[in-house]
>>> print(open('data_32.tsv').read())   # TSV, C-alpha atoms
chain	number	residue	atom	x	y	z
A	1	MET	CA	0.00	0.00	0.00
A	2	LYS	CA	1.23	3.46	-0.93
A	3	VAL	CA	0.61	6.10	1.72
A	4	ALA	CA	1.21	9.83	1.79
A	5	PRO	CA	3.65	11.07	4.48
A	6	LEU	CA	1.04	12.09	7.06
A	7	VAL	CA	-1.64	10.09	8.88
A	8	PHE	CA	-4.77	11.73	10.27
A	9	GLY	CA	-5.18	10.60	13.88
A	10	GLY	CA	-8.83	9.80	14.42
A	11	ASN	CA	-8.84	9.91	18.21
A	12	VAL	CA	-10.36	13.40	18.09
A	13	PHE	CA	-13.48	12.30	16.19
A	14	GLY	CA	-16.35	12.14	18.64
A	15	TRP	CA	-14.16	13.55	21.40
A	16	THR	CA	-12.96	17.11	20.81
A	17	ILE	CA	-14.72	17.59	17.47
A	18	ASP	CA	-18.21	16.63	16.33
A	19	GLU	CA	-19.23	14.83	13.14
A	20	PRO	CA	-19.71	17.89	10.86
A	21	THR	CA	-16.28	19.26	11.83
A	22	SER	CA	-14.75	15.81	11.36
A	23	PHE	CA	-16.23	15.61	7.87
A	24	LYS	CA	-14.80	19.03	6.98
A	25	LEU	CA	-11.30	18.08	8.14
A	26	LEU	CA	-11.36	14.68	6.45
A	27	ASP	CA	-12.46	16.31	3.19
A	28	ALA	CA	-9.57	18.78	3.38
A	29	PHE	CA	-7.10	16.03	4.26
A	30	VAL	CA	-8.02	13.92	1.23
A	31	ASP	CA	-8.28	16.94	-1.08
A	32	ALA	CA	-4.67	17.78	-0.16
A	33	GLY	CA	-3.53	14.39	-1.45
A	34	PHE	CA	-3.35	12.38	1.76
A	35	ASN	CA	-5.02	9.02	2.23
A	36	LEU	CA	-4.29	7.20	5.52
A	37	ILE	CA	-6.66	7.63	8.48
A	38	ASP	CA	-5.88	5.91	11.77
A	39	THR	CA	-8.42	5.07	14.45
A	40	ALA	CA	-9.22	2.34	16.99
A	41	ASP	CA	-12.28	0.59	18.32
A	42	VAL	CA	-11.68	2.13	21.75
A	43	TYR	CA	-11.75	5.76	20.50
A	44	SER	CA	-13.04	7.64	22.40
A	45	ASN	CA	-14.49	5.77	25.37
A	46	TRP	CA	-12.69	8.06	27.84
A	47	LYS	CA	-15.11	10.90	27.13
A	48	PRO	CA	-18.08	10.92	29.54
A	49	GLY	CA	-21.08	9.41	27.79
A	50	ASN	CA	-19.04	7.59	25.16
A	51	LYS	CA	-18.73	3.81	24.93
A	52	GLY	CA	-16.01	3.50	22.31
A	53	GLY	CA	-16.45	3.20	18.57
A	54	GLU	CA	-17.43	6.85	18.12
A	55	SER	CA	-14.42	7.60	15.90
A	56	GLU	CA	-14.97	4.56	13.66
A	57	THR	CA	-18.65	5.48	13.33
A	58	ILE	CA	-17.88	9.02	12.17
A	59	ILE	CA	-15.29	7.78	9.66
A	60	GLY	CA	-17.77	5.20	8.38
A	61	ASN	CA	-20.49	7.81	7.97
A	62	TRP	CA	-18.06	10.07	6.13
A	63	MET	CA	-16.96	7.35	3.69
A	64	LYS	CA	-20.59	6.42	3.07
A	65	ALA	CA	-21.56	10.03	2.41
A	66	ARG	CA	-18.57	10.71	0.16
A	67	ARG	CA	-18.57	7.28	-1.55
A	68	ASN	CA	-14.78	7.30	-1.40
A	69	ARG	CA	-13.90	4.01	0.29
A	70	ASP	CA	-11.56	3.02	-2.54
A	71	LYS	CA	-9.66	6.30	-2.28
A	72	VAL	CA	-8.66	6.09	1.39
A	73	ILE	CA	-6.67	3.68	3.53
A	74	ILE	CA	-8.29	2.89	6.85
A	75	ALA	CA	-6.26	1.69	9.82
A	76	THR	CA	-7.93	0.67	13.04
A	77	LYS	CA	-6.90	-1.25	16.14
A	78	VAL	CA	-8.07	-3.89	18.59
A	79	GLY	CA	-6.86	-4.87	22.05
A	80	TYR	CA	-7.76	-2.22	24.59
A	81	LYS	CA	-10.73	-2.72	26.88
A	82	MET	CA	-14.07	-1.99	25.25
A	83	GLY	CA	-16.31	-3.36	27.98
A	84	TRP	CA	-16.89	-6.44	30.07
A	85	ARG	CA	-14.61	-9.22	28.77
A	86	LYS	CA	-13.85	-7.20	25.66
A	87	GLU	CA	-10.10	-6.76	25.67
A	88	GLY	CA	-6.89	-8.52	24.75
A	89	LEU	CA	-5.76	-10.23	21.56
A	90	SER	CA	-7.14	-13.74	21.84
A	91	LYS	CA	-8.16	-15.29	18.52
A	92	ARG	CA	-11.80	-15.15	19.59
A	93	ARG	CA	-11.54	-11.50	20.61
A	94	VAL	CA	-9.90	-10.48	17.34
A	95	LEU	CA	-12.48	-12.31	15.22
A	96	LYS	CA	-15.36	-10.75	17.15
A	97	ALA	CA	-13.95	-7.24	17.40
A	98	VAL	CA	-13.34	-6.94	13.68
A	99	GLU	CA	-17.04	-7.47	12.94
A	100	ALA	CA	-17.98	-4.57	15.21
A	101	SER	CA	-15.35	-2.33	13.59
A	102	LEU	CA	-16.49	-3.27	10.08
A	103	THR	CA	-20.07	-2.41	11.01
A	104	ARG	CA	-19.14	0.97	12.48
A	105	LEU	CA	-16.86	1.78	9.55
A	106	ARG	CA	-19.61	0.71	7.11
A	107	THR	CA	-17.11	-1.21	5.00
A	108	ASP	CA	-16.35	-4.79	3.96
A	109	TYR	CA	-12.64	-4.62	4.73
A	110	ILE	CA	-10.01	-2.91	6.85
A	111	ASP	CA	-6.77	-1.98	5.12
A	112	LEU	CA	-4.55	-2.12	8.20
A	113	TYR	CA	-5.72	-3.94	11.33
A	114	GLN	CA	-3.42	-3.39	14.29
A	115	SER	CA	-2.80	-4.96	17.67
A	116	HIS	CA	-3.29	-1.88	19.84
A	117	VAL	CA	-1.24	-3.12	22.77
A	118	ASP	CA	0.73	-6.30	23.40
A	119	ASP	CA	-1.21	-9.06	25.17
A	120	ALA	CA	1.29	-11.14	27.13
A	121	ALA	CA	-1.46	-13.54	28.24
A	122	THR	CA	-2.18	-14.68	24.69
A	123	PRO	CA	0.37	-16.68	22.68
A	124	LEU	CA	1.46	-14.62	19.68
A	125	GLU	CA	0.62	-17.43	17.28
A	126	LYS	CA	-3.00	-17.45	18.42
A	127	THR	CA	-3.38	-13.75	17.64
A	128	LEU	CA	-1.69	-14.22	14.27
A	129	GLU	CA	-3.93	-17.20	13.48
A	130	GLY	CA	-6.92	-14.95	14.00
A	131	TYR	CA	-5.49	-12.37	11.66
A	132	ALA	CA	-4.70	-15.07	9.09
A	133	LYS	CA	-8.35	-16.07	9.03
A	134	LEU	CA	-9.47	-12.47	8.56
A	135	ILE	CA	-7.03	-11.95	5.69
A	136	ALA	CA	-8.18	-15.18	4.04
A	137	GLN	CA	-11.78	-13.96	4.35
A	138	GLY	CA	-10.88	-10.64	2.73
A	139	LYS	CA	-11.88	-8.65	5.81
A	140	VAL	CA	-8.34	-7.39	6.47
A	141	ARG	CA	-5.59	-6.56	3.97
A	142	VAL	CA	-2.51	-6.36	6.21
A	143	ILE	CA	-1.77	-6.28	9.94
A	144	GLY	CA	0.34	-4.08	12.18
A	145	ALA	CA	1.47	-3.76	15.78
A	146	SER	CA	1.27	-0.87	18.20
A	147	ASN	CA	3.15	-0.42	21.48
A	148	TYR	CA	5.30	-3.54	21.02
A	149	THR	CA	8.84	-3.82	22.35
A	150	ALA	CA	11.72	-4.80	20.10
A	151	ALA	CA	11.84	-8.24	21.70
A	152	ARG	CA	8.13	-8.96	21.27
A	153	LEU	CA	8.03	-7.61	17.72
A	154	THR	CA	11.01	-9.79	16.81
A	155	GLU	CA	9.35	-12.80	18.41
A	156	ALA	CA	6.16	-12.16	16.45
A	157	LEU	CA	8.09	-11.85	13.19
A	158	ASP	CA	9.92	-15.11	13.89
A	159	ILE	CA	6.66	-16.94	14.59
A	160	SER	CA	5.10	-15.59	11.40
A	161	LYS	CA	8.03	-16.84	9.36
A	162	LYS	CA	8.20	-20.22	11.09
A	163	LEU	CA	4.49	-20.99	10.92
A	164	GLY	CA	3.69	-19.29	7.63
A	165	LEU	CA	1.36	-16.77	9.26
A	166	PRO	CA	0.81	-13.12	8.28
A	167	ARG	CA	3.44	-10.83	9.76
A	168	TYR	CA	3.17	-7.37	11.25
A	169	GLU	CA	3.91	-5.02	8.35
A	170	THR	CA	3.77	-1.83	10.39
A	171	LEU	CA	4.59	-0.54	13.84
A	172	GLN	CA	2.88	2.30	15.69
A	173	PRO	CA	5.17	3.54	18.49
A	174	VAL	CA	5.09	6.76	20.46
A	175	TYR	CA	7.75	9.01	18.95
A	176	ASN	CA	8.40	12.74	18.80
A	177	LEU	CA	11.12	15.24	19.66
A	178	TYR	CA	10.57	14.60	23.38
A	179	ASP	CA	9.48	10.95	23.57
A	180	ARG	CA	12.38	9.13	21.93
A	181	GLU	CA	13.45	6.43	24.34
A	182	VAL	CA	10.86	3.87	23.18
A	183	PHE	CA	11.70	3.88	19.48
A	184	ASP	CA	15.33	5.01	19.27
A	185	GLY	CA	17.68	2.03	19.38
A	186	PRO	CA	16.66	-1.65	19.18
A	187	LEU	CA	13.04	-1.07	18.12
A	188	GLU	CA	14.01	1.19	15.23
A	189	LYS	CA	16.66	-1.32	14.19
A	190	VAL	CA	14.12	-4.16	14.04
A	191	CYS	CA	11.85	-2.05	11.84
A	192	VAL	CA	14.62	-1.01	9.45
A	193	GLU	CA	16.07	-4.51	9.13
A	194	ASN	CA	12.66	-6.04	8.45
A	195	ASN	CA	11.31	-3.27	6.21
A	196	ILE	CA	8.46	-2.47	8.58
A	197	GLY	CA	6.55	0.74	8.00
A	198	VAL	CA	6.50	3.09	10.99
A	199	ILE	CA	3.50	5.32	11.68
A	200	ASN	CA	4.36	6.95	14.99
A	201	TYR	CA	1.76	8.53	17.26
A	202	PHE	CA	1.86	11.58	19.54
A	203	SER	CA	3.93	13.28	16.82
A	204	LEU	CA	3.35	16.67	18.46
A	205	ALA	CA	3.64	15.34	22.03
A	206	SER	CA	-0.10	15.85	22.62
A	207	GLY	CA	0.18	19.41	21.35
A	208	PHE	CA	3.19	20.47	23.43
A	209	LEU	CA	5.37	20.81	20.32
A	210	SER	CA	2.87	23.20	18.78
A	211	GLY	CA	4.36	25.79	21.12
A	212	LYS	CA	1.09	26.83	22.75
A	213	TYR	CA	1.95	25.40	26.18
A	214	ARG	CA	4.56	27.51	27.92
A	215	GLY	CA	3.50	26.98	31.52
A	216	ARG	CA	0.85	25.41	33.70
A	217	ASP	CA	-1.47	28.37	33.16
A	218	ASP	CA	-1.74	27.26	29.53
A	219	LEU	CA	-3.09	23.83	30.45
A	220	ILE	CA	-6.65	25.13	30.41
A	221	LYS	CA	-6.40	25.61	26.64
A	222	SER	CA	-7.24	22.08	25.60
A	223	ALA	CA	-9.09	18.91	26.59
A	224	ARG	CA	-5.82	17.09	25.95
A	225	SER	CA	-3.82	19.28	28.33
A	226	TYR	CA	-3.71	16.60	31.02
A	227	ARG	CA	-1.31	14.75	28.73
A	228	VAL	CA	0.91	17.81	28.33
A	229	GLU	CA	1.85	18.48	31.94
A	230	LYS	CA	4.68	15.92	31.92
A	231	TYR	CA	6.49	17.93	29.23
A	232	LEU	CA	6.59	21.13	31.29
A	233	ASN	CA	10.12	20.66	32.62
A	234	GLU	CA	13.66	21.81	31.89
A	235	ARG	CA	14.19	19.30	29.08
A	236	GLY	CA	10.84	20.10	27.51
A	237	PHE	CA	11.49	23.84	27.50
A	238	ARG	CA	14.97	23.24	26.06
A	239	ILE	CA	13.40	21.34	23.16
A	240	LEU	CA	10.81	24.06	22.71
A	241	GLU	CA	13.55	26.70	22.52
A	242	ALA	CA	15.23	24.74	19.72
A	243	VAL	CA	11.92	24.48	17.89
A	244	ASP	CA	11.42	28.22	18.38
A	245	LYS	CA	14.78	28.87	16.72
A	246	VAL	CA	14.25	26.56	13.75
A	247	SER	CA	10.72	27.84	13.30
A	248	LYS	CA	12.04	31.38	12.90
A	249	GLU	CA	14.80	30.22	10.55
A	250	THR	CA	12.34	28.41	8.29
A	251	HIS	CA	9.51	30.95	8.61
A	252	THR	CA	7.11	28.21	9.68
A	253	VAL	CA	5.12	27.36	12.78
A	254	HIS	CA	6.24	24.89	15.42
A	255	ALA	CA	4.03	22.02	14.26
A	256	CYS	CA	5.67	22.17	10.82
A	257	VAL	CA	9.11	21.81	12.36
A	258	ALA	CA	8.05	18.90	14.58
A	259	ILE	CA	6.61	16.99	11.61
A	260	ALA	CA	9.57	17.79	9.35
A	261	TRP	CA	12.01	16.55	12.00
A	262	LEU	CA	10.22	13.20	12.13
A	263	LEU	CA	10.19	12.85	8.35
A	264	ALA	CA	13.92	13.56	8.26
A	265	HIS	CA	14.31	10.05	9.70
A	266	PRO	CA	14.41	7.37	6.97
A	267	SER	CA	12.77	4.89	9.36
A	268	ILE	CA	9.60	6.97	9.71
A	269	THR	CA	6.98	6.27	7.06
A	270	ALA	CA	4.28	8.75	8.08
A	271	PRO	CA	3.71	10.50	11.42
A	272	ILE	CA	0.23	10.36	12.93
A	273	ALA	CA	-1.16	13.71	14.03
A	274	SER	CA	-4.60	15.04	14.88
A	275	ALA	CA	-6.18	18.37	14.03
A	276	THR	CA	-9.33	20.06	15.26
A	277	SER	CA	-9.32	22.97	12.80
A	278	LEU	CA	-8.40	23.61	9.18
A	279	GLY	CA	-5.58	25.87	10.34
A	280	GLN	CA	-4.01	23.10	12.40
A	281	LEU	CA	-4.39	20.63	9.52
A	282	ASN	CA	-2.74	23.01	7.08
A	283	ASP	CA	0.22	23.40	9.44
A	284	LEU	CA	0.65	19.63	9.57
A	285	ILE	CA	0.48	19.38	5.79
A	286	LYS	CA	3.08	22.13	5.40
A	287	GLY	CA	5.32	20.16	7.72
A	288	THR	CA	5.45	17.29	5.21
A	289	ARG	CA	6.85	19.70	2.63
A	290	LEU	CA	9.42	21.37	4.86
A	291	VAL	CA	12.97	20.08	4.43
A	292	LEU	CA	15.24	20.82	7.37
A	293	SER	CA	18.98	21.12	7.01
A	294	VAL	CA	21.23	18.45	8.49
A	295	GLU	CA	22.35	21.02	11.05
A	296	GLN	CA	18.78	21.85	12.07
A	297	VAL	CA	17.86	18.18	12.46
A	298	GLU	CA	20.89	17.64	14.67
A	299	GLU	CA	20.28	20.79	16.70
A	300	LEU	CA	16.74	19.64	17.46
A	301	ARG	CA	17.95	16.17	18.42
A	302	LYS	CA	20.63	17.49	20.76
A	303	ALA	CA	18.14	19.75	22.53
A	304	GLY	CA	16.44	16.66	23.92
A	305	GLU	CA	19.56	14.95	25.24
>>> encode(input="data_32.tsv", output="structure tokens")
Amino acid sequence: MKVAPLVFGGNVFGWTIDEPTSFKLLDAFVDAGFNLIDTADVYSNWKPGNKGGESETIIGNWMKARRNRDKVIIATKVGYKMGWRKEGLSKRRVLKAVEASLTRLRTDYIDLYQSHVDDAATPLEKTLEGYAKLIAQGKVRVIGASNYTAARLTEALDISKKLGLPRYETLQPVYNLYDREVFDGPLEKVCVENNIGVINYFSLASGFLSGKYRGRDDLIKSARSYRVEKYLNERGFRILEAVDKVSKETHTVHACVAIAWLLAHPSITAPIASATSLGQLNDLIKGTRLVLSVEQVEELRKAGE
């Protein structure tokens, strides 16, 4: 599958933006030449009154209204708790969860079906057997992993090869200018050596790298601000200062710089980022076109050491 270098993160659909706004942003995203939309069955059950599945439902309604299913690539996930006895990656759970996602998405197939979080209680081969059945049925095209360690991803790849089962073709790790310890090192090496596509999440560190959070007084600005507080420290402000500098040098906003820095890494296929307005979306899109100098990439990296 060919994907453009930016993924629209669907966690905001049904959470911080309603269906009409979601439609408007999805239209603009596709009109700009992008095609991969990432969601999960659990999005967004953390909002009071939600049960999960709200994001998939909005995306499904949008595709139905626009009649554009063949023009977009839909990625969703399974594994997090959706209700009583609805969690994990057992074969039974995977086979049941996909039907609910297909119904909400109003489609016959999912392009990329991902294990949202590793399930140590379920043998990897059992999960992969479930995915194999779904691929054989035409309900899933390829599979991916999210939040896997290098060791567990390697183990899964070995089992796929040994047993002739589908393998994880993508990885979705947390990765941005601040959060680098998970992906940098062994995990990145596994992905590069096995030609695994990387679609990292929290590309803007929950909005911190947009530059709008400069202190705790700014935390009232967003529903996602509870995720930002951990970045308000000496290291975080040092990174922000470097982004400030490069932003001025390139005459772009902070979000552009944060996206461009990620895409400067050959191992990154397409960063996942959310937007709640056309202005925010345009900034993300501009980031895919911004080419930083080698010196700027290194300066930004060093700021987080």
>>> closest_residue(input="data_32.tsv", among="A:His116, A:Asn45, A:Glu295, A:Val30", to="Arg66 of chain A", atoms="all atoms listed in the file")
A:Val30
>>> atom_distance(input="data_32.tsv", atom1="atom CA of Ala264 of chain A", atom2="atom CA of Leu281 of chain A")
19.7 Å
>>> residues_around(input="data_32.tsv", residues="segment 129-141 of chain A", least_positions_apart="6", cutoff="6 Å", atoms="all atoms listed in the file", output="JSON, numbers by chain")
{"A": [91, 109, 110, 111, 166]}
>>> write_last_selection(input="data_32.tsv", atoms="C-alpha atoms", output="short mmCIF file (atom, residue, chain, number, x, y, z; two decimals), in the coordinates of the input")
data_model
loop_
_atom_site.label_atom_id
_atom_site.label_comp_id
_atom_site.auth_asym_id
_atom_site.auth_seq_id
_atom_site.Cartn_x
_atom_site.Cartn_y
_atom_site.Cartn_z
CA LYS A 91 -8.16 -15.29 18.52
CA TYR A 109 -12.64 -4.62 4.73
CA ILE A 110 -10.01 -2.91 6.85
CA ASP A 111 -6.77 -1.98 5.12
CA PRO A 166 0.81 -13.12 8.28
#
>>> residues_around(input="data_32.tsv", residues="Asn282 of chain A", least_positions_apart="2", cutoff="10 Å", atoms="all atoms listed in the file", output="list in words")
Leu25, Ala28, Phe29, Ala32, Ala255, Cys256, Ala275, Ser277, Leu278, Gly279, Gln280, Leu284, Ile285, Lys286 and Gly287 of chain A
>>> write_last_selection(input="data_32.tsv", atoms="C-alpha atoms", output="mmCIF file, in the coordinates of the input")
data_model
loop_
_atom_site.group_PDB
_atom_site.id
_atom_site.type_symbol
_atom_site.label_atom_id
_atom_site.label_comp_id
_atom_site.auth_asym_id
_atom_site.auth_seq_id
_atom_site.Cartn_x
_atom_site.Cartn_y
_atom_site.Cartn_z
ATOM 1 C CA LEU A 25 -11.300 18.080 8.140
ATOM 2 C CA ALA A 28 -9.570 18.780 3.380
ATOM 3 C CA PHE A 29 -7.100 16.030 4.260
ATOM 4 C CA ALA A 32 -4.670 17.780 -0.160
ATOM 5 C CA ALA A 255 4.030 22.020 14.260
ATOM 6 C CA CYS A 256 5.670 22.170 10.820
ATOM 7 C CA ALA A 275 -6.180 18.370 14.030
ATOM 8 C CA SER A 277 -9.320 22.970 12.800
ATOM 9 C CA LEU A 278 -8.400 23.610 9.180
ATOM 10 C CA GLY A 279 -5.580 25.870 10.340
ATOM 11 C CA GLN A 280 -4.010 23.100 12.400
ATOM 12 C CA LEU A 284 0.650 19.630 9.570
ATOM 13 C CA ILE A 285 0.480 19.380 5.790
ATOM 14 C CA LYS A 286 3.080 22.130 5.400
ATOM 15 C CA GLY A 287 5.320 20.160 7.720
#
>>> residues_around(input="data_32.tsv", residues="segment 145-153 of chain A", least_positions_apart="4", cutoff="10 Å", atoms="all atoms listed in the file", output="PyMOL selection string")
chain A and resi 77-79+112-120+124+157-159+167-174+182-183+185-191+198-201
>>> residues_near_point(input="data_32.tsv", point="(2.5, 12.0, 11.5)", cutoff="7 Å", atoms="only C-alpha atoms", output="list in words")
Leu6, Val7, Ile199, Asn200, Tyr201, Ser203, Ile259, Ala270, Pro271, Ile272 and Ala273 of chain A
>>> write_last_selection(input="data_32.tsv", atoms="C-alpha atoms", output="PDB file, in the coordinates of the input")
ATOM      1  CA  LEU A   6       1.040  12.090   7.060  1.00  0.00           C
ATOM      2  CA  VAL A   7      -1.640  10.090   8.880  1.00  0.00           C
ATOM      3  CA  ILE A 199       3.500   5.320  11.680  1.00  0.00           C
ATOM      4  CA  ASN A 200       4.360   6.950  14.990  1.00  0.00           C
ATOM      5  CA  TYR A 201       1.760   8.530  17.260  1.00  0.00           C
ATOM      6  CA  SER A 203       3.930  13.280  16.820  1.00  0.00           C
ATOM      7  CA  ILE A 259       6.610  16.990  11.610  1.00  0.00           C
ATOM      8  CA  ALA A 270       4.280   8.750   8.080  1.00  0.00           C
ATOM      9  CA  PRO A 271       3.710  10.500  11.420  1.00  0.00           C
ATOM     10  CA  ILE A 272       0.230  10.360  12.930  1.00  0.00           C
ATOM     11  CA  ALA A 273      -1.160  13.710  14.030  1.00  0.00           C
TER      12      ALA A 273
END
>>> closest_atom_pairs(input="data_32.tsv", of="segment 98-180 of chain A", to="segment 53-60 of chain A", cutoff="12 Å", atoms="only C-alpha atoms", output="Markdown table")
| residue | atom | partner | partner_atom | distance |
| --- | --- | --- | --- | --- |
| A:Val98 | CA | A:Glu56 | CA | 11.6 |
| A:Ala100 | CA | A:Gly53 | CA | 8.6 |
| A:Ser101 | CA | A:Glu56 | CA | 6.9 |
| A:Leu102 | CA | A:Gly60 | CA | 8.7 |
| A:Thr103 | CA | A:Thr57 | CA | 8.3 |
| A:Arg104 | CA | A:Thr57 | CA | 4.6 |
| A:Leu105 | CA | A:Gly60 | CA | 3.7 |
| A:Arg106 | CA | A:Gly60 | CA | 5.0 |
| A:Thr107 | CA | A:Gly60 | CA | 7.3 |
| A:Asp108 | CA | A:Gly60 | CA | 11.0 |
| A:Tyr109 | CA | A:Gly60 | CA | 11.7 |
| A:Ile110 | CA | A:Glu56 | CA | 11.3 |
>>> residues_around(input="data_32.tsv", residues="Arg238 of chain A", least_positions_apart="6", cutoff="12 Å", atoms="only C-alpha atoms", output="NGL selection string")
:A and (177-178 or 209 or 211 or 214 or 231-232 or 244-245 or 299-305)
>>> residues_around(input="data_32.tsv", residues="segment 33-37 of chain A", least_positions_apart="4", cutoff="8 Å", atoms="all atoms listed in the file", output="list in words")
Val3, Ala4, Pro5, Leu6, Val7, Phe8, Gly9, Gly10, Phe29, Lys71, Val72, Ile73, Ile74 and Ala75 of chain A
>>> residues_near_point(input="data_32.tsv", point="(17.8, 20.3, 6.6)", cutoff="12 Å", atoms="only C-alpha atoms", output="mmCIF file with C-alpha atoms, in the frame of the given file")
data_model
loop_
_atom_site.group_PDB
_atom_site.id
_atom_site.type_symbol
_atom_site.label_atom_id
_atom_site.label_comp_id
_atom_site.auth_asym_id
_atom_site.auth_seq_id
_atom_site.Cartn_x
_atom_site.Cartn_y
_atom_site.Cartn_z
ATOM 1 C CA VAL A 246 14.250 26.560 13.750
ATOM 2 C CA GLU A 249 14.800 30.220 10.550
ATOM 3 C CA THR A 250 12.340 28.410 8.290
ATOM 4 C CA VAL A 257 9.110 21.810 12.360
ATOM 5 C CA ALA A 260 9.570 17.790 9.350
ATOM 6 C CA TRP A 261 12.010 16.550 12.000
ATOM 7 C CA LEU A 262 10.220 13.200 12.130
ATOM 8 C CA LEU A 263 10.190 12.850 8.350
ATOM 9 C CA ALA A 264 13.920 13.560 8.260
ATOM 10 C CA HIS A 265 14.310 10.050 9.700
ATOM 11 C CA ARG A 289 6.850 19.700 2.630
ATOM 12 C CA LEU A 290 9.420 21.370 4.860
ATOM 13 C CA VAL A 291 12.970 20.080 4.430
ATOM 14 C CA LEU A 292 15.240 20.820 7.370
ATOM 15 C CA SER A 293 18.980 21.120 7.010
ATOM 16 C CA VAL A 294 21.230 18.450 8.490
ATOM 17 C CA GLU A 295 22.350 21.020 11.050
ATOM 18 C CA GLN A 296 18.780 21.850 12.070
ATOM 19 C CA VAL A 297 17.860 18.180 12.460
ATOM 20 C CA GLU A 298 20.890 17.640 14.670
ATOM 21 C CA GLU A 299 20.280 20.790 16.700
ATOM 22 C CA LEU A 300 16.740 19.640 17.460
#
>>> atom_distance(input="data_32.tsv", atom1="atom CA of Gly144 of chain A", atom2="atom CA of Ala156 of chain A")
10.8 Å
>>> atom_distance(input="data_32.tsv", atom1="atom CA of Tyr43 of chain A", atom2="atom CA of Met82 of chain A")
9.4 Å
>>> closest_residue(input="data_32.tsv", among="A:Arg227, A:Arg180, A:His254, A:Lys64", to="Phe23 of chain A", atoms="all atoms listed in the file")
A:Lys64
>>> closest_residue(input="data_32.tsv", among="A:Thr16, A:Ala65, A:Phe208, A:Glu87", to="Gly236 of chain A", atoms="all atoms listed in the file")
A:Phe208
>>> closest_residue(input="data_32.tsv", among="A:Lys212, A:Lys47, A:Arg67, A:Lys2", to="Asp27 of chain A", atoms="all atoms listed in the file")
A:Arg67
>>> decode(input="data_32.tsv", residues="segment 58-107 of chain A", atoms="C-alpha atoms", output="mmCIF file, in the first residue's frame")
data_model
loop_
_atom_site.group_PDB
_atom_site.id
_atom_site.type_symbol
_atom_site.label_atom_id
_atom_site.label_comp_id
_atom_site.auth_asym_id
_atom_site.auth_seq_id
_atom_site.Cartn_x
_atom_site.Cartn_y
_atom_site.Cartn_z
ATOM 1 C CA ILE A 58 -17.880 9.016 12.173
ATOM 2 C CA ILE A 59 -15.293 7.780 9.661
ATOM 3 C CA GLY A 60 -17.772 5.197 8.381
ATOM 4 C CA ASN A 61 -20.491 7.806 7.974
ATOM 5 C CA TRP A 62 -18.060 10.070 6.131
ATOM 6 C CA MET A 63 -16.961 7.351 3.685
ATOM 7 C CA LYS A 64 -20.587 6.416 3.066
ATOM 8 C CA ALA A 65 -21.560 10.029 2.414
ATOM 9 C CA ARG A 66 -18.568 10.710 0.162
ATOM 10 C CA ARG A 67 -18.571 7.280 -1.550
ATOM 11 C CA ASN A 68 -14.783 7.297 -1.404
ATOM 12 C CA ARG A 69 -13.903 4.011 0.293
ATOM 13 C CA ASP A 70 -11.565 3.019 -2.541
ATOM 14 C CA LYS A 71 -9.659 6.305 -2.282
ATOM 15 C CA VAL A 72 -8.661 6.090 1.387
ATOM 16 C CA ILE A 73 -6.672 3.680 3.530
ATOM 17 C CA ILE A 74 -8.289 2.886 6.851
ATOM 18 C CA ALA A 75 -6.256 1.690 9.816
ATOM 19 C CA THR A 76 -7.929 0.668 13.040
ATOM 20 C CA LYS A 77 -6.902 -1.255 16.141
ATOM 21 C CA VAL A 78 -8.066 -3.891 18.592
ATOM 22 C CA GLY A 79 -6.862 -4.873 22.047
ATOM 23 C CA TYR A 80 -7.760 -2.222 24.589
ATOM 24 C CA LYS A 81 -10.728 -2.723 26.878
ATOM 25 C CA MET A 82 -14.067 -1.989 25.252
ATOM 26 C CA GLY A 83 -16.314 -3.356 27.977
ATOM 27 C CA TRP A 84 -16.887 -6.443 30.075
ATOM 28 C CA ARG A 85 -14.614 -9.222 28.770
ATOM 29 C CA LYS A 86 -13.848 -7.200 25.657
ATOM 30 C CA GLU A 87 -10.096 -6.760 25.671
ATOM 31 C CA GLY A 88 -6.887 -8.519 24.747
ATOM 32 C CA LEU A 89 -5.758 -10.230 21.557
ATOM 33 C CA SER A 90 -7.138 -13.744 21.835
ATOM 34 C CA LYS A 91 -8.164 -15.285 18.517
ATOM 35 C CA ARG A 92 -11.800 -15.147 19.589
ATOM 36 C CA ARG A 93 -11.541 -11.498 20.610
ATOM 37 C CA VAL A 94 -9.896 -10.484 17.337
ATOM 38 C CA LEU A 95 -12.476 -12.310 15.220
ATOM 39 C CA LYS A 96 -15.359 -10.753 17.148
ATOM 40 C CA ALA A 97 -13.955 -7.239 17.405
ATOM 41 C CA VAL A 98 -13.344 -6.937 13.679
ATOM 42 C CA GLU A 99 -17.037 -7.466 12.945
ATOM 43 C CA ALA A 100 -17.982 -4.568 15.208
ATOM 44 C CA SER A 101 -15.347 -2.333 13.592
ATOM 45 C CA LEU A 102 -16.489 -3.267 10.081
ATOM 46 C CA THR A 103 -20.070 -2.413 11.005
ATOM 47 C CA ARG A 104 -19.144 0.965 12.477
ATOM 48 C CA LEU A 105 -16.864 1.777 9.550
ATOM 49 C CA ARG A 106 -19.605 0.715 7.111
ATOM 50 C CA THR A 107 -17.115 -1.210 4.999
#
